[in-house]
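> Let me begin by handing over the structure; questions about it come next.
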Amino acid sequence: MNGAVRETWSPAPEADQMVLKELRETVGACMQCGTCTASCPNWHAMDITPRAMWRMIQFGMLDEILASKTFWMCSACYMCTLRCPRGLKLTSAMAALKRLAGIEGSRGARRNLAFYAAFMDDVEVHGRVQETSMMQRYFLKARDPMLPLSYVPLGLRMLGKGKVHMPGRGRGGVLRPLFAKAREMEGLS
Amino acid sequence: MKYAYYPGCSLTESAREFDVSTRLVMERLGCELVEIPDWTCCGASAAEPVSKLMNYALPARNLAIVEQEMADEGITEVLAPCSACYLNLLKVNREVIGDRRLHGRVNEVLAASGLHYRGEVRVRHLLDVLKNEVGAKIVEQTITDGLRGMKIAPYYGCQILRPYPVFDEPGRPVSMEPFIEAMGGEVHHWDMANRCCGASLMMGHPEVAIRSVADILSDAAGADAIVTVCPLCQMNLEAYQAKARKAGGRGVPVLYLTQLMGLAMGLSEQDVQLAANLTMTPAVRRGIAARAWAGPAPAEDEEPAGLNG
């Protein structure tokens, strides 16, 4: 640890505090039964169990939460939400943690958000997702030169099956006013 | 029955065979699908990690169009074949309507393009409509080329029953089984029918998602094919079979339920675009054809099978 003391409570700027407040409301009633962890198909890839994560949110341990990769491993299958005996929206809490990490610019956030961001950018530009242009955006955002190469075999197979389509204009910028309004309302512009 | 049809982005891109087979099968079953004019993306599972408001506003826009433009034609229900589209549309009715503050905020976003959603459109999944409006009995009457004991593993995935179990039991879903039996097939009973396929984790952390795919594929051992009703499940289960095999999985053909229904109804492989499935190699197609619906010789002007693949 090199003598460095990590703060368990970080005074964070407003946008974070909003998300953190929302998160604490979402999981405030968690009674630590661990059903969520036992139900998660991706538990094996997580460094902190979902159950422990809810406790950390209750304690406001922001730094530890943001350093964890647990919430990036959520595939939104809703098994934890379905089984939670307290009826908490745990899958939404995982998504909120992803948003929080994005606002904070935590380590790994850019890379982990790259796919979601590329997807949403493509929706904003075309109105509908166009898979080829979305993947190009993803490769650019991920900034990993090996990533596009790893998709070459699959890309070729899909091409052979007629599953690859040239990006067109889609619905154009029909969603741009909605995106602009939401950004303004969420204070992200 | 008339439905506002919401194909969703995947069905206009890499999952066109799902769109084509859904339209054909539903037409045969007497359901009229009217595509929502100028529909846009629902945000899939990518919107929520980026913007909470857009996660609701994107699907709400499509429901608002149905409410404002299609109600005159007597269309008040949306049919979505894709699991993520279905859940996102359903979420608007379950989480936005009834929450005055959130409802107001979502309508404030929609107002930026002159729309407003009151909450009067009902959201249905394809499987919900098949089960509760059409019924297996009707399907049975349309079957011409039965599956003759072909063993089918029904794969439900996550989001059609979670977190909102509207039309089936999310712990042990069974809604596809009567249809498989109506087609003359045999149901492969397995534990992985509602296990997550990894969804978009396949993009950022493929090593994690492939483990799930391998588990699912190895549990399908003994089945002649897996059927799905979700374009992302289909993609994950099909495209990564080689990698999944290294992790203990096995190769199993994966079809859309509507493709299989179409074939059993006597549509041709071309009609349901069977060749578009990544697991449909010529050998697999010959195998399936020989075992399942290789009945009496098809009508004289049928195209020979196995041209492409």
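In the structure tokens, chains take the letters A, B, ... in the order shown, each chain's residues start at 1, and ligands count up from 1 in the order shown.
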Could you list, as a ChimeraX atom specification, every residue within 6 Å of range 254-263 of chain B, counting only C-alpha atoms and ignoring same-chain residues fewer than 6 positions away?

/B:21-22,25,225-229,272

> Using only C-alpha atoms, which protein or nucleic acid residues come within 7 Å of Leu66 in chain A? Drop anything in the same chain fewer than 3 positions from it, and give the result as a list in words.

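Skipping anything fewer than 3 positions along the chain leaves Leu62, Asp63, Ala101 and Ser106 of chain A.
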
> Please dump the current selection as a compact mmCIF listing (two decimals), in the first residue's frame; keep N, CA, C and O atoms.


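Output file again-v6.txt follows:
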# COMPACT_ATOMS: atom_id res chain seq x y z
N LEU A 62 -17.09 5.34 -2.23
CA LEU A 62 -17.04 5.66 -3.65
C LEU A 62 -15.76 5.20 -4.34
O LEU A 62 -15.80 4.64 -5.43
N ASP A 63 -14.62 5.44 -3.74
CA ASP A 63 -13.35 5.09 -4.38
C ASP A 63 -13.24 3.59 -4.64
O ASP A 63 -12.85 3.16 -5.74
N ALA A 101 -19.36 5.76 -12.97
CA ALA A 101 -17.96 5.60 -13.37
C ALA A 101 -17.65 6.46 -14.59
O ALA A 101 -16.55 6.98 -14.73
N SER A 106 -13.49 7.07 -14.14
CA SER A 106 -12.68 6.11 -13.39
C SER A 106 -11.77 5.31 -14.32
O SER A 106 -11.98 5.29 -15.53

> Return the neighbours of chain B among the residues of chain A, cut-off 7 Å, counting only C-alpha atoms, as a count of residues only.

32

> Mind giving me the straight-line distance from CA of Ile152 in chain B to CA of Leu154 in chain A in Å, one decimal?

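Rounded to one decimal, the two atoms are 25.9 Å apart.
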
> How far is it from CA of Gly172 in chain A to CA of Ala60 in chain B, in Å with one decimal?

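According to the coordinates, CA of Gly172 in chain A and CA of Ala60 in chain B are separated by 18.6 Å.
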
> Write out as a PyMOL selection string the residues lying within 10 Å of Gly30 in chain B, counting only C-alpha atoms and excluding same-chain residues fewer than 4 positions away.

chain B and resi 1-2+25-26+134+138

> Return as a VMD selection string the full set of residues in range 13-219 of chain B whose backbone-based DSSP assignment is strand (DSSP E or B).

chain B and resid 32 to 35 77 to 80 122 to 125 151 to 154 186 to 187

> Could you write out the selected residues, including all heavy atoms, as a short mmCIF file (atom, residue, chain, number, x, y, z; two decimals), in the first residue's frame?


data_model
loop_
_atom_site.label_atom_id
_atom_site.label_comp_id
_atom_site.auth_asym_id
_atom_site.auth_seq_id
_atom_site.Cartn_x
_atom_site.Cartn_y
_atom_site.Cartn_z
N GLU B 32 -52.19 -9.36 -38.46
CA GLU B 32 -51.73 -8.32 -39.39
C GLU B 32 -50.71 -7.44 -38.68
O GLU B 32 -50.99 -6.87 -37.63
CB GLU B 32 -52.91 -7.48 -39.86
CG GLU B 32 -52.57 -6.63 -41.07
CD GLU B 32 -53.74 -5.77 -41.53
OE1 GLU B 32 -54.90 -6.15 -41.30
OE2 GLU B 32 -53.46 -4.70 -42.12
N LEU B 33 -49.52 -7.35 -39.25
CA LEU B 33 -48.46 -6.52 -38.66
C LEU B 33 -48.29 -5.25 -39.47
O LEU B 33 -48.00 -5.30 -40.66
CB LEU B 33 -47.13 -7.28 -38.63
CG LEU B 33 -47.11 -8.64 -37.91
CD1 LEU B 33 -45.70 -9.21 -37.89
CD2 LEU B 33 -47.65 -8.52 -36.50
N VAL B 34 -48.53 -4.11 -38.83
CA VAL B 34 -48.35 -2.82 -39.51
C VAL B 34 -47.13 -2.14 -38.90
O VAL B 34 -47.13 -1.80 -37.71
CB VAL B 34 -49.59 -1.91 -39.32
CG1 VAL B 34 -49.44 -0.64 -40.13
CG2 VAL B 34 -50.86 -2.66 -39.69
N GLU B 35 -46.08 -2.00 -39.70
CA GLU B 35 -44.83 -1.44 -39.16
C GLU B 35 -45.06 0.00 -38.68
O GLU B 35 -45.73 0.80 -39.34
CB GLU B 35 -43.75 -1.47 -40.26
CG GLU B 35 -42.36 -1.21 -39.72
CD GLU B 35 -41.27 -1.56 -40.73
OE1 GLU B 35 -41.44 -2.51 -41.52
OE2 GLU B 35 -40.24 -0.87 -40.72
N GLU B 77 -51.86 -2.05 -29.79
CA GLU B 77 -50.86 -2.97 -29.23
C GLU B 77 -49.64 -3.04 -30.13
O GLU B 77 -49.76 -3.07 -31.35
CB GLU B 77 -51.45 -4.38 -29.07
CG GLU B 77 -52.61 -4.41 -28.10
CD GLU B 77 -52.98 -5.82 -27.65
OE1 GLU B 77 -52.27 -6.78 -28.02
OE2 GLU B 77 -53.99 -5.94 -26.93
N VAL B 78 -48.47 -3.06 -29.47
CA VAL B 78 -47.22 -3.18 -30.21
C VAL B 78 -46.73 -4.61 -30.10
O VAL B 78 -46.78 -5.20 -29.02
CB VAL B 78 -46.14 -2.25 -29.62
CG1 VAL B 78 -44.78 -2.52 -30.25
CG2 VAL B 78 -46.52 -0.81 -29.83
N LEU B 79 -46.26 -5.17 -31.20
CA LEU B 79 -45.64 -6.48 -31.17
C LEU B 79 -44.15 -6.32 -31.44
O LEU B 79 -43.76 -5.76 -32.46
CB LEU B 79 -46.28 -7.40 -32.22
CG LEU B 79 -45.82 -8.86 -32.20
CD1 LEU B 79 -46.96 -9.77 -32.65
CD2 LEU B 79 -44.62 -9.10 -33.09
N ALA B 80 -43.33 -6.78 -30.50
CA ALA B 80 -41.87 -6.72 -30.67
C ALA B 80 -41.30 -8.13 -30.64
O ALA B 80 -41.57 -8.87 -29.70
CB ALA B 80 -41.25 -5.88 -29.55
N ARG B 122 -50.37 -1.02 -25.45
CA ARG B 122 -49.99 -2.25 -24.78
C ARG B 122 -48.79 -2.86 -25.51
O ARG B 122 -48.76 -2.86 -26.74
CB ARG B 122 -51.17 -3.22 -24.79
CG ARG B 122 -50.95 -4.42 -23.90
CD ARG B 122 -52.23 -5.25 -23.77
NE ARG B 122 -51.92 -6.51 -23.10
CZ ARG B 122 -52.66 -7.59 -23.19
NH1 ARG B 122 -53.76 -7.58 -23.91
NH2 ARG B 122 -52.32 -8.71 -22.55
N VAL B 123 -47.84 -3.36 -24.74
CA VAL B 123 -46.62 -3.92 -25.34
C VAL B 123 -46.65 -5.44 -25.24
O VAL B 123 -46.87 -6.00 -24.17
CB VAL B 123 -45.36 -3.36 -24.63
CG1 VAL B 123 -44.10 -4.00 -25.21
CG2 VAL B 123 -45.30 -1.85 -24.74
N ARG B 124 -46.48 -6.11 -26.37
CA ARG B 124 -46.53 -7.56 -26.40
C ARG B 124 -45.26 -8.12 -27.03
O ARG B 124 -44.75 -7.57 -28.02
CB ARG B 124 -47.72 -8.05 -27.26
CG ARG B 124 -49.05 -7.40 -26.96
CD ARG B 124 -49.67 -7.84 -25.67
NE ARG B 124 -49.92 -9.27 -25.57
CZ ARG B 124 -51.09 -9.86 -25.88
NH1 ARG B 124 -52.08 -9.15 -26.38
NH2 ARG B 124 -51.25 -11.16 -25.71
N HIS B 125 -44.78 -9.23 -26.49
CA HIS B 125 -43.70 -9.93 -27.17
C HIS B 125 -44.30 -10.92 -28.14
O HIS B 125 -45.42 -11.40 -27.95
CB HIS B 125 -42.80 -10.66 -26.16
CG HIS B 125 -41.60 -11.29 -26.79
ND1 HIS B 125 -41.56 -12.61 -27.16
CD2 HIS B 125 -40.42 -10.75 -27.19
CE1 HIS B 125 -40.38 -12.86 -27.73
NE2 HIS B 125 -39.68 -11.75 -27.76
N LYS B 151 -35.58 -33.13 -32.14
CA LYS B 151 -35.45 -32.70 -30.75
C LYS B 151 -35.00 -31.24 -30.68
O LYS B 151 -33.92 -30.89 -31.14
CB LYS B 151 -34.47 -33.60 -30.00
CG LYS B 151 -34.80 -33.68 -28.54
CD LYS B 151 -34.22 -34.92 -27.89
CE LYS B 151 -34.77 -35.01 -26.48
NZ LYS B 151 -34.05 -35.96 -25.67
N ILE B 152 -35.86 -30.42 -30.10
CA ILE B 152 -35.62 -28.98 -30.10
C ILE B 152 -35.42 -28.48 -28.68
O ILE B 152 -36.24 -28.75 -27.80
CB ILE B 152 -36.84 -28.23 -30.70
CG1 ILE B 152 -37.19 -28.77 -32.09
CG2 ILE B 152 -36.59 -26.73 -30.74
CD1 ILE B 152 -36.17 -28.48 -33.13
N ALA B 153 -34.36 -27.71 -28.48
CA ALA B 153 -34.12 -27.08 -27.17
C ALA B 153 -34.61 -25.64 -27.22
O ALA B 153 -34.04 -24.81 -27.92
CB ALA B 153 -32.62 -27.11 -26.85
N PRO B 154 -35.72 -25.33 -26.50
CA PRO B 154 -36.23 -23.95 -26.52
C PRO B 154 -35.37 -23.06 -25.64
O PRO B 154 -35.16 -23.36 -24.47
CB PRO B 154 -37.64 -24.09 -25.95
CG PRO B 154 -37.64 -25.34 -25.15
CD PRO B 154 -36.53 -26.22 -25.64
N GLU B 186 -39.93 -32.73 -30.63
CA GLU B 186 -39.83 -33.21 -29.26
C GLU B 186 -39.05 -32.16 -28.47
O GLU B 186 -38.07 -31.62 -28.98
CB GLU B 186 -39.07 -34.54 -29.28
CG GLU B 186 -39.20 -35.37 -28.03
CD GLU B 186 -38.31 -36.60 -28.10
OE1 GLU B 186 -38.31 -37.29 -29.16
OE2 GLU B 186 -37.61 -36.85 -27.13
N VAL B 187 -39.50 -31.86 -27.26
CA VAL B 187 -38.85 -30.82 -26.46
C VAL B 187 -37.63 -31.38 -25.74
O VAL B 187 -37.71 -32.43 -25.10
CB VAL B 187 -39.83 -30.22 -25.43
CG1 VAL B 187 -39.13 -29.20 -24.55
CG2 VAL B 187 -41.02 -29.59 -26.14
#

> Which parts of range 157-276 of chain B does DSSP call helix (DSSP H, G or I) when run on the backbone here, written out as a PyMOL selection string?

chain B and resi 177-182+201-204+206-219+231-239+241-246+257-264+274-276

> List the neighbours of Cys80 in chain A out to 10 Å using only C-alpha atoms; skip same-chain residues closer than 2 positions along the sequence, and give me the result as an MDAnalysis selection string.

(chainID A and resid 34:41 50 76:78 82:85 87:91) or (chainID B and resid 162:163)

> Neighbouring residues of Ala114 in chain A were defined as those with any atom within 8 Å, considering only C-alpha atoms; residues of the same chain fewer than 4 positions away were excluded. Please report them as a list in words.

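The residues satisfying every condition are Arg110, Ala118, Tyr138, Lys141 and Ala142 of chain A.
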
> Expressed in Å to a single decimal, how great is the separation between CA of Ala220 in chain B and CA of Leu267 in chain B?

26.3 Å

> Of the candidates A:Ala29, A:Pro145, A:Arg157, A:Val125, which shows the shortest atom-to-atom distance to Leu175 in chain A, using only C-alpha atoms?

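Closest candidate: A:Val125.
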
> Using only C-alpha atoms, pick whichever of A:Ala52, A:Met61, A:Met94, A:Val19 has the shortest atom-to-atom distance to Cys33 in chain A.

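Comparing A:Ala52, A:Met61, A:Met94, A:Val19 against Cys33 in chain A, the winner is A:Ala52.
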